[in-house]
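A.B. asks: Let me begin by handing over the structure; questions about it come next.
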Amino acid sequence: MSVTTDLSSNLEDGRCVLRLSGSLTLLRVRKLSEQLDEIEAEQLTVDLSDVERMDTVGAWLVHKLERDRGATIVGATEDQQLLIDHVARADMPVKVKRDYESTPSRMLAEVGESTQMAGRTLFGLLGFFGSLVLTIGNIIRHPRRFRFNAVTQQFEQVGVRALAIIGLMSFLVGIVIAQQGAVQLRQFGAEIYTINLIGRSALKELGVLMTAIMVAGRSGSAFAAQIGSMKLSEEIDAMRTIGVSPMEALIFPRVLATVLLMPLLGFYAAILAIIGGGIFCWISLGIPPITFVQRIQEVVPMTDLWQTMVKAPVFGMIIAMAGCYQGLQVEGNAEEVGKRTTSAVVQGIFLVIVLDAFFAVFFTEIGWL
């Protein structure tokens, strides 16, 4: 086999016949392109009868002669001609600069695309929720399918390892609420009502809401990344092949653990926020801890706690579903994992805030003020 590409040219019947031989490949062509540019004949015939191998680069050189100089290609084998035809079909102009669009048109287009994407995502989440309900039904009918070890592992991942960061965040938020509230209430001589502000805001809203945001950023993103990586490495396809349902083995344990732990984490966050506010009141306002606790018991109704207990499992389900759903949507490459992870966090937090608004209206209507 020749290690180079040889070129010879002859004048036959008024046409310049170029005979190529050897390997017409990337490693062999070397200066063949420059030699072809130096030939000034207008009527060319390219004879490929002696070409032993041809790759995409060689096919591109031949196609370029045919496209730019009207050369006639002869002597190509069936495979060589097929490759040249593929290269010719792929020879499409590439748009390197976007067509000009006015700002209003571009904004409307972006809004339309975002709306379509939101609609598709919502539709997909509804379908995912239906699959999850069917999975729960199958597990109830066949309790042996319940994976206790997987649920326990997710308990540690979602709950135990998150205690430190959620506790610290809630403690600091409680101090901030107390400090800002005291500054404003001091103008009216009503610093004592700082306790009301801390107790009700922490137990009713901030505890569960800040916990949901933290769980979405920590566990929701982890769910998307873990399941997305398994999707890329075809582990999920392998599970289906051997008869293991990914919904039972991967999705259900994560959703169950998040649903069960969110009320506990929300209550834990509210207590830490109240403790942080109480310490601030003790140090800055001179309110003793016993007075702070007695005042909390007087001003915070039990309905605030029930609101947290009702909202927290719903928030947990939304966060876990968003993370797992985005993980299952990963396709292509590792970059997609990052995009889906970001989408899981954004969707989880967005849906939590939307649902919190609905819950606020609902609880007001039923008298839980």
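By convention in this document, the chains of the structure tokens carry letters A, B, ... by their order, each chain's residues are numbered from 1, and ligands are numbered from 1 in the order they are shown.
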With range 305-312 of chain A as the partner and 7 Å as the cut-off, tabulate the residues of range 128-238 of chain A that qualify, each row holding the nearest pair of atoms and their distance in Å to one decimal, using only C-alpha atoms, sorted by chain and rising number, as a tab-separated table.
C.D. replies:
```
residue	atom	partner	partner_atom	distance
A:Leu203	CA	A:Leu305	CA	6.1
A:Lys204	CA	A:Thr308	CA	6.0
A:Val208	CA	A:Thr308	CA	6.2
```
A.B. asks: Would you mind listing what lies within 12 Å of range 21-36 of chain A as a VMD selection string, with only C-alpha atoms counted and same-chain residues fewer than 5 positions away left out?
C.D. replies: chain A and resid 1 to 9 16 41 44 46 to 62 64 to 65 68 to 69 71 75 to 76 80
A.B. asks: Write a file of the selected residues as a compact mmCIF listing (two decimals), in the first residue's frame, keeping N, CA, C and O atoms.
C.D. replies:
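File written: result_26.txt
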```txt
# COMPACT_ATOMS: atom_id res chain seq x y z
N MET A 1 0.85 -1.20 0.00
CA MET A 1 0.00 0.00 0.00
C MET A 1 0.89 1.25 0.00
O MET A 1 1.84 1.36 0.75
N SER A 2 0.57 2.19 -0.87
CA SER A 2 1.36 3.41 -0.97
C SER A 2 1.19 4.26 0.27
O SER A 2 0.10 4.33 0.85
N VAL A 3 2.24 4.94 0.70
CA VAL A 3 2.18 5.78 1.90
C VAL A 3 1.91 7.22 1.54
O VAL A 3 1.80 8.07 2.41
N THR A 4 1.88 7.55 0.25
CA THR A 4 1.61 8.92 -0.16
C THR A 4 0.52 8.91 -1.21
O THR A 4 0.07 7.87 -1.65
N THR A 5 0.12 10.11 -1.59
CA THR A 5 -0.83 10.27 -2.68
C THR A 5 -0.09 10.84 -3.88
O THR A 5 0.49 11.92 -3.79
N ASP A 6 -0.09 10.12 -4.97
CA ASP A 6 0.61 10.57 -6.18
C ASP A 6 -0.38 11.23 -7.10
O ASP A 6 -1.55 10.84 -7.21
N LEU A 7 0.13 12.25 -7.80
CA LEU A 7 -0.71 12.99 -8.73
C LEU A 7 0.02 13.10 -10.06
O LEU A 7 1.19 13.46 -10.12
N SER A 8 -0.66 12.76 -11.12
CA SER A 8 -0.13 12.94 -12.48
C SER A 8 -1.21 13.59 -13.32
O SER A 8 -2.40 13.37 -13.10
N SER A 9 -0.79 14.40 -14.27
CA SER A 9 -1.75 15.10 -15.12
C SER A 9 -1.35 14.95 -16.57
O SER A 9 -0.17 15.03 -16.92
N CYS A 16 -7.83 18.24 -19.18
CA CYS A 16 -6.72 17.89 -18.31
C CYS A 16 -7.18 16.74 -17.40
O CYS A 16 -8.11 16.90 -16.60
N ALA A 41 -5.81 24.47 -15.59
CA ALA A 41 -6.70 24.03 -16.67
C ALA A 41 -8.16 24.23 -16.25
O ALA A 41 -8.52 24.09 -15.08
N LEU A 44 -11.45 19.76 -16.28
CA LEU A 44 -10.71 18.75 -15.52
C LEU A 44 -11.49 17.44 -15.49
O LEU A 44 -12.73 17.43 -15.43
N VAL A 46 -11.03 13.94 -13.12
CA VAL A 46 -10.29 13.34 -12.01
C VAL A 46 -10.51 11.84 -12.05
O VAL A 46 -11.65 11.36 -11.93
N ASP A 47 -9.41 11.11 -12.22
CA ASP A 47 -9.47 9.66 -12.32
C ASP A 47 -9.05 9.04 -10.99
O ASP A 47 -7.92 9.22 -10.53
N LEU A 48 -9.97 8.32 -10.36
CA LEU A 48 -9.69 7.72 -9.05
C LEU A 48 -9.45 6.21 -9.14
O LEU A 48 -9.52 5.52 -8.12
N SER A 49 -9.17 5.71 -10.35
CA SER A 49 -9.07 4.25 -10.53
C SER A 49 -7.96 3.64 -9.67
O SER A 49 -8.08 2.49 -9.23
N ASP A 50 -6.89 4.40 -9.43
CA ASP A 50 -5.74 3.84 -8.70
C ASP A 50 -5.73 4.23 -7.22
O ASP A 50 -4.73 4.01 -6.52
N VAL A 51 -6.79 4.87 -6.75
CA VAL A 51 -6.84 5.25 -5.33
C VAL A 51 -7.18 4.01 -4.50
O VAL A 51 -8.19 3.35 -4.74
N GLU A 52 -6.31 3.69 -3.54
CA GLU A 52 -6.51 2.49 -2.73
C GLU A 52 -7.41 2.74 -1.54
O GLU A 52 -8.23 1.90 -1.17
N ARG A 53 -7.25 3.89 -0.88
CA ARG A 53 -8.07 4.23 0.29
C ARG A 53 -8.49 5.69 0.20
O ARG A 53 -7.77 6.52 -0.36
N MET A 54 -9.61 5.97 0.77
CA MET A 54 -10.09 7.35 0.78
C MET A 54 -10.87 7.58 2.08
O MET A 54 -11.71 6.77 2.45
N ASP A 55 -10.54 8.69 2.76
CA ASP A 55 -11.34 9.05 3.93
C ASP A 55 -12.10 10.34 3.64
O ASP A 55 -12.16 10.80 2.50
N THR A 56 -12.66 10.92 4.69
CA THR A 56 -13.50 12.11 4.50
C THR A 56 -12.71 13.28 3.94
O THR A 56 -13.21 14.04 3.10
N VAL A 57 -11.44 13.43 4.37
CA VAL A 57 -10.62 14.53 3.87
C VAL A 57 -10.36 14.35 2.37
O VAL A 57 -10.45 15.30 1.57
N GLY A 58 -10.03 13.13 1.97
CA GLY A 58 -9.82 12.87 0.55
C GLY A 58 -11.09 13.11 -0.26
O GLY A 58 -11.05 13.70 -1.34
N ALA A 59 -12.22 12.65 0.26
CA ALA A 59 -13.49 12.87 -0.43
C ALA A 59 -13.80 14.35 -0.54
O ALA A 59 -14.35 14.81 -1.55
N TRP A 60 -13.43 15.11 0.51
CA TRP A 60 -13.66 16.56 0.46
C TRP A 60 -12.82 17.23 -0.64
O TRP A 60 -13.32 18.10 -1.37
N LEU A 61 -11.56 16.79 -0.80
CA LEU A 61 -10.72 17.35 -1.87
C LEU A 61 -11.33 17.07 -3.24
O LEU A 61 -11.38 17.95 -4.11
N VAL A 62 -11.79 15.84 -3.45
CA VAL A 62 -12.40 15.49 -4.73
C VAL A 62 -13.70 16.27 -4.94
O VAL A 62 -13.95 16.81 -6.03
N LYS A 64 -14.44 19.12 -3.69
CA LYS A 64 -14.10 20.53 -3.90
C LYS A 64 -13.75 20.80 -5.36
O LYS A 64 -14.14 21.83 -5.94
N LEU A 65 -13.00 19.86 -5.99
CA LEU A 65 -12.69 20.00 -7.42
C LEU A 65 -13.98 19.97 -8.26
O LEU A 65 -14.13 20.72 -9.23
N ASP A 68 -16.06 23.44 -7.26
CA ASP A 68 -15.51 24.75 -7.61
C ASP A 68 -15.03 24.83 -9.06
O ASP A 68 -15.03 25.90 -9.65
N ARG A 69 -14.58 23.69 -9.62
CA ARG A 69 -13.97 23.77 -10.95
C ARG A 69 -14.71 22.90 -11.96
O ARG A 69 -14.23 22.71 -13.09
N ALA A 71 -15.08 19.73 -12.20
CA ALA A 71 -14.35 18.53 -12.61
C ALA A 71 -15.29 17.33 -12.73
O ALA A 71 -16.29 17.23 -12.02
N GLY A 75 -13.84 6.65 -12.35
CA GLY A 75 -13.03 5.59 -11.77
C GLY A 75 -13.24 5.35 -10.29
O GLY A 75 -12.51 4.55 -9.68
N ALA A 76 -14.20 6.01 -9.68
CA ALA A 76 -14.43 5.82 -8.24
C ALA A 76 -15.17 4.52 -7.99
O ALA A 76 -16.08 4.15 -8.76
N GLN A 80 -16.30 4.64 -2.58
CA GLN A 80 -15.72 5.97 -2.71
C GLN A 80 -16.76 6.98 -3.19
O GLN A 80 -16.84 8.11 -2.69
```
A.B. asks: Considering only C-alpha atoms, tabulate each residue of range 169-266 of chain A that lies at most 12 Å from range 348-359 of chain A along with its nearest interatomic pair and the corresponding distance in Å to one decimal; arrange the rows by chain and ascending residue number and present them as JSON lines.
C.D. replies:
```
{"residue": "A:Lys204", "atom": "CA", "partner": "A:Asp356", "partner_atom": "CA", "distance": 10.9}
{"residue": "A:Glu205", "atom": "CA", "partner": "A:Asp356", "partner_atom": "CA", "distance": 8.7}
{"residue": "A:Leu206", "atom": "CA", "partner": "A:Asp356", "partner_atom": "CA", "distance": 10.9}
{"residue": "A:Val208", "atom": "CA", "partner": "A:Asp356", "partner_atom": "CA", "distance": 9.9}
{"residue": "A:Leu209", "atom": "CA", "partner": "A:Val352", "partner_atom": "CA", "distance": 7.9}
{"residue": "A:Met210", "atom": "CA", "partner": "A:Ile349", "partner_atom": "CA", "distance": 10.0}
{"residue": "A:Thr211", "atom": "CA", "partner": "A:Ile349", "partner_atom": "CA", "distance": 10.7}
{"residue": "A:Ala212", "atom": "CA", "partner": "A:Val352", "partner_atom": "CA", "distance": 7.3}
{"residue": "A:Ile213", "atom": "CA", "partner": "A:Ile349", "partner_atom": "CA", "distance": 5.8}
{"residue": "A:Met214", "atom": "CA", "partner": "A:Ile349", "partner_atom": "CA", "distance": 9.1}
{"residue": "A:Val215", "atom": "CA", "partner": "A:Gly348", "partner_atom": "CA", "distance": 9.3}
{"residue": "A:Ala216", "atom": "CA", "partner": "A:Gly348", "partner_atom": "CA", "distance": 5.9}
{"residue": "A:Gly217", "atom": "CA", "partner": "A:Ile349", "partner_atom": "CA", "distance": 8.2}
{"residue": "A:Arg218", "atom": "CA", "partner": "A:Gly348", "partner_atom": "CA", "distance": 11.1}
{"residue": "A:Ser219", "atom": "CA", "partner": "A:Gly348", "partner_atom": "CA", "distance": 10.6}
{"residue": "A:Gly220", "atom": "CA", "partner": "A:Gly348", "partner_atom": "CA", "distance": 7.4}
{"residue": "A:Ser221", "atom": "CA", "partner": "A:Gly348", "partner_atom": "CA", "distance": 9.4}
{"residue": "A:Phe223", "atom": "CA", "partner": "A:Gly348", "partner_atom": "CA", "distance": 11.8}
{"residue": "A:Ala224", "atom": "CA", "partner": "A:Gly348", "partner_atom": "CA", "distance": 11.3}
```
A.B. asks: Could you check the closest approach to Ile195 in chain A for each of A:Phe292, A:Phe280, A:Phe171, A:Phe148 and tell me which residue wins, using only C-alpha atoms?
C.D. replies: A:Phe292
A.B. asks: Work out how far apart CA of Asp91 in chain A and CA of Ile73 in chain A are and give it in Å to one decimal.
C.D. replies: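 Those two atoms sit 17.4 Å apart.
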A.B. asks: I'd like the neighbourhood of Thr291 in chain A as a compact mmCIF listing (two decimals) with N, CA, C and O atoms, in the first residue's frame, where a residue qualifies if any of its atoms comes within 12 Å (using only C-alpha atoms), though same-chain residues fewer than 4 positions away should be ignored.
C.D. replies:
```
# COMPACT_ATOMS: atom_id res chain seq x y z
N ILE A 192 -41.19 44.68 72.77
CA ILE A 192 -41.64 43.38 73.28
C ILE A 192 -42.31 42.53 72.20
O ILE A 192 -42.30 41.30 72.24
N ILE A 195 -40.83 39.44 69.97
CA ILE A 195 -41.04 38.01 70.24
C ILE A 195 -42.16 37.46 69.36
O ILE A 195 -42.06 36.37 68.80
N GLY A 278 -34.29 34.34 70.27
CA GLY A 278 -34.33 34.45 71.73
C GLY A 278 -33.00 34.89 72.32
O GLY A 278 -32.96 35.71 73.24
N ILE A 279 -31.93 34.35 71.79
CA ILE A 279 -30.60 34.76 72.29
C ILE A 279 -30.34 36.24 71.99
O ILE A 279 -29.80 36.97 72.83
N CYS A 281 -32.67 38.56 71.70
CA CYS A 281 -33.52 39.33 72.61
C CYS A 281 -32.92 39.38 74.02
O CYS A 281 -33.01 40.39 74.72
N TRP A 282 -32.33 38.29 74.43
CA TRP A 282 -31.71 38.22 75.76
C TRP A 282 -30.50 39.16 75.85
O TRP A 282 -30.36 39.93 76.81
N LEU A 285 -31.90 43.05 73.94
CA LEU A 285 -33.08 43.73 74.48
C LEU A 285 -33.27 43.49 75.97
O LEU A 285 -34.16 44.08 76.58
N GLY A 286 -32.47 42.59 76.53
CA GLY A 286 -32.59 42.33 77.96
C GLY A 286 -33.81 41.52 78.34
O GLY A 286 -34.27 41.58 79.49
N ILE A 287 -34.38 40.76 77.42
CA ILE A 287 -35.55 39.92 77.72
C ILE A 287 -35.06 38.56 78.18
O ILE A 287 -34.41 37.84 77.41
N ARG A 295 -43.80 34.12 76.53
CA ARG A 295 -44.44 34.97 75.52
C ARG A 295 -44.69 34.20 74.22
O ARG A 295 -45.73 34.36 73.59
N ILE A 296 -43.73 33.35 73.84
CA ILE A 296 -43.89 32.53 72.63
C ILE A 296 -45.12 31.63 72.79
O ILE A 296 -45.94 31.49 71.87
N GLN A 297 -45.29 31.02 73.97
CA GLN A 297 -46.43 30.13 74.20
C GLN A 297 -47.76 30.88 74.13
O GLN A 297 -48.78 30.32 73.72
N GLU A 298 -47.72 32.16 74.50
CA GLU A 298 -48.96 32.94 74.51
C GLU A 298 -49.36 33.42 73.12
O GLU A 298 -50.55 33.45 72.81
```
A.B. asks: Which residues, written as a PyMOL selection string, have at least one atom at most 12 Å from Arg145 in chain A, with only C-alpha atoms counted and residues fewer than 5 positions away on the same chain left out?
C.D. replies: chain A and resi 135-140+150+244-249+252-253
A.B. asks: From the set A:Leu369, A:Ile251, A:Ile275, A:Met321, which residue has the shortest atom-to-atom contact distance to Thr303 in chain A, counting only C-alpha atoms?
C.D. replies: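 Of all the options, A:Leu369 lies closest to Thr303 in chain A.
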A.B. asks: Could you check how far CA of Glu110 in chain A sits from CA of Leu328 in chain A, in Å to one decimal?
C.D. replies: 25.4 Å
